[in-house]
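Working notes, beginning with the structure itself.
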Amino acid sequence: MSDFTSQLFAHLPKEKVSLFSCNHITPDSNLRTLALSHGPQGNQLNFKLSNMSNANLLRELGQIILNFSRIVPGGMVVFLPSYKVLDMVKKVWNEKGIMNSIAAKKKVFMESTADVHELLSQYAEEIKASAKGALLLAVVGAKLSEGLNFSDDLARMVMVIGLPFANLGSAELQERIRYADRLAGENPSKDSTYGAAGKELYENLCMNAVNQSIGRAIRHKDDWAMLVLVDTRYQSDRISRKLPKWIGKSLVVTQSFGQTIRTASQFYAERR
């Protein structure tokens, strides 16, 4: 909310603006949020743009999803930062045999730029027909991350891979950042694209997209799901505090992948 209040109410002293946040209608026990920093091989998980072509990192991501596919009932929805990353994931997993291993546990569906309604229908039918459930690979900011519901068995786990920061090469985004800095009376340093206000805006745009994606899972008071944020940067206070309070208060920061799997296994065992 910080960039909204600073831009919409710049003429008011901060103490004159009050913020109010409600809890979610579901019980706290119906949701668990995990922030992962390390994969099964113990490697640090940092999905920044320059790492996205790292085949070893993408292979480790495949192992993470394979491990979860063994314990998650129903549907798993995994949001990737872009279609380009989705294509790279598909290429590496096919080359390394990971895609076949995952498909043996859950049938794999992938979002494309085509109409998503037929894809969503096939995904839902597979979950209904198969005890194994299904896996849906989707893209943050695309059609499946906004406006569609994945209630009940359609998403017993939602994963977000990395932080989907917008392209800083966008002229519109650059002007929004400059405007935020001007409004705050700040100037970026020589080695930075933005000042403190511009940085806050840039991070908030990213986290708004993340929150839209993970909000697809819990859709009514009796719904339940696990949310998994895969990137070491989610463990920083600057990022984690931008999660909705009803999600942030359930956040578990795991120190190893073994702890991650044990926590997830316990959550699903309690719901059998």
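Residue numbers start at 1 in each chain; chains themselves are named A, B, ... in the order of the structure tokens; ligands are numbered from 1 in the order shown.
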> Can you tell me, as a ChimeraX atom specification, what residues are no more than 7 Å from region 87-92 of chain A when counting only C-alpha atoms, ignoring any on the same chain fewer than 3 positions away?
Replying inline: /A:55,58-59,83-84,95-96
Dump of all heavy atoms for the selected residues, as a compact mmCIF listing (two decimals), in the first residue's frame:
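Writing the result to part11.txt gives the following:
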```txt
# COMPACT_ATOMS: atom_id res chain seq x y z
N ALA A 55 20.92 -24.33 -16.51
CA ALA A 55 20.27 -25.65 -16.62
C ALA A 55 20.27 -26.39 -15.29
O ALA A 55 19.31 -27.11 -14.98
CB ALA A 55 20.97 -26.47 -17.69
N LEU A 58 17.40 -25.03 -13.19
CA LEU A 58 16.10 -25.49 -13.71
C LEU A 58 15.90 -26.98 -13.46
O LEU A 58 14.78 -27.43 -13.23
CB LEU A 58 15.99 -25.17 -15.20
CG LEU A 58 16.04 -23.68 -15.57
CD1 LEU A 58 15.85 -23.49 -17.07
CD2 LEU A 58 15.00 -22.88 -14.80
N ARG A 59 17.00 -27.74 -13.48
CA ARG A 59 16.90 -29.16 -13.15
C ARG A 59 16.54 -29.34 -11.68
O ARG A 59 15.71 -30.19 -11.33
CB ARG A 59 18.22 -29.86 -13.47
CG ARG A 59 18.15 -31.39 -13.28
CD ARG A 59 19.34 -32.10 -13.90
NE ARG A 59 20.59 -31.71 -13.28
CZ ARG A 59 21.61 -31.12 -13.93
NH1 ARG A 59 21.49 -30.86 -15.22
NH2 ARG A 59 22.71 -30.80 -13.30
N TYR A 83 6.63 -16.61 -20.23
CA TYR A 83 6.53 -17.70 -21.20
C TYR A 83 7.93 -18.16 -21.63
O TYR A 83 8.14 -19.34 -21.91
CB TYR A 83 5.74 -17.25 -22.43
CG TYR A 83 4.25 -17.20 -22.21
CD1 TYR A 83 3.57 -15.99 -22.16
CD2 TYR A 83 3.51 -18.38 -22.05
CE1 TYR A 83 2.20 -15.95 -21.95
CE2 TYR A 83 2.15 -18.35 -21.85
CZ TYR A 83 1.49 -17.12 -21.80
OH TYR A 83 0.14 -17.09 -21.59
N LYS A 84 8.88 -17.23 -21.68
CA LYS A 84 10.25 -17.58 -22.05
C LYS A 84 10.83 -18.57 -21.04
O LYS A 84 11.47 -19.56 -21.41
CB LYS A 84 11.12 -16.33 -22.12
CG LYS A 84 12.55 -16.60 -22.55
CD LYS A 84 13.35 -15.32 -22.65
CE LYS A 84 14.80 -15.60 -23.08
NZ LYS A 84 15.59 -14.34 -23.16
N GLU A 95 15.00 -32.78 -21.77
CA GLU A 95 16.36 -33.28 -22.03
C GLU A 95 16.86 -34.17 -20.90
O GLU A 95 17.56 -35.16 -21.14
CB GLU A 95 17.33 -32.11 -22.23
CG GLU A 95 17.13 -31.35 -23.53
CD GLU A 95 18.03 -30.14 -23.63
OE1 GLU A 95 18.67 -29.79 -22.60
OE2 GLU A 95 18.10 -29.53 -24.72
N LYS A 96 16.51 -33.84 -19.67
CA LYS A 96 17.02 -34.56 -18.50
C LYS A 96 16.09 -35.68 -18.02
O LYS A 96 16.39 -36.35 -17.04
CB LYS A 96 17.26 -33.58 -17.34
CG LYS A 96 18.21 -32.43 -17.68
CD LYS A 96 19.59 -32.92 -18.09
CE LYS A 96 20.53 -31.75 -18.39
NZ LYS A 96 21.86 -32.21 -18.81
```
>> Could you list, as a ChimeraX atom specification, every residue within 9 Å of Trp224 (chain A), counting only C-alpha atoms and ignoring same-chain residues fewer than 5 positions away?
In response: /A:26-27,29-32,151-152,155-157,217-219
> So, counting only C-alpha atoms, which residue among A:Lys143, A:Lys199, A:Gln174, A:Leu136 is closest to Ala114 (chain A)?
Replying inline: A:Lys143
>> Just to confirm, what's the straight-line distance from CA of Arg272 (chain A) to CA of Lys128 (chain A) in Å (one decimal)?
In response: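 Those two atoms sit 17.0 Å apart.
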>> When you count only C-alpha atoms, which of these residues is closest to Phe267 (chain A): A:Ile214, A:Gly248, A:Ile71, A:Lys221?
In response: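 Selected residue with least distance to Phe267 (chain A): A:Ile71.
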> Of the candidates A:Leu61, A:Leu227, A:Val140, A:Ala104, which one gets nearest to Asn208 (chain A) if we count only C-alpha atoms?
Replying inline: A:Val140
> Could you name the residues that touch region 251-257 of chain A at 6 Å or less, counting only C-alpha atoms, but leaving out those on the same chain fewer than 3 positions away, as an NGL selection string?
Replying inline: :A and (33-36 or 38-40 or 248 or 260)
If you keep N, CA and C atoms, can you produce a file of those selected residues as a JSON list (two decimals), in the first residue's frame?
```
[["chain", "number", "residue", "atom", "x", "y", "z"],
["A", 33, "THR", "N", 2.13, -21.49, 4.33],
["A", 33, "THR", "CA", 2.96, -20.85, 3.32],
["A", 33, "THR", "C", 4.42, -21.15, 3.61],
["A", 34, "LEU", "N", 5.12, -21.67, 2.62],
["A", 34, "LEU", "CA", 6.53, -21.99, 2.76],
["A", 34, "LEU", "C", 7.37, -21.10, 1.85],
["A", 35, "ALA", "N", 8.49, -20.63, 2.38],
["A", 35, "ALA", "CA", 9.48, -19.92, 1.58],
["A", 35, "ALA", "C", 10.72, -20.78, 1.48],
["A", 36, "LEU", "N", 11.07, -21.21, 0.26],
["A", 36, "LEU", "CA", 12.19, -22.12, 0.05],
["A", 36, "LEU", "C", 13.43, -21.34, -0.38],
["A", 38, "HIS", "N", 16.58, -23.35, -0.48],
["A", 38, "HIS", "CA", 17.50, -24.38, -0.97],
["A", 38, "HIS", "C", 16.71, -25.56, -1.56],
["A", 39, "GLY", "N", 17.27, -26.17, -2.59],
["A", 39, "GLY", "CA", 16.64, -27.30, -3.24],
["A", 39, "GLY", "C", 17.12, -28.62, -2.69],
["A", 40, "PRO", "N", 16.71, -29.74, -3.30],
["A", 40, "PRO", "CA", 17.08, -31.07, -2.81],
["A", 40, "PRO", "C", 18.59, -31.32, -2.79],
["A", 248, "GLY", "N", 1.08, -13.92, 5.10],
["A", 248, "GLY", "CA", 2.36, -13.72, 5.77],
["A", 248, "GLY", "C", 2.42, -14.31, 7.16],
["A", 260, "THR", "N", 11.43, -28.73, 4.44],
["A", 260, "THR", "CA", 10.32, -28.35, 3.56],
["A", 260, "THR", "C", 9.37, -29.53, 3.34]]
```
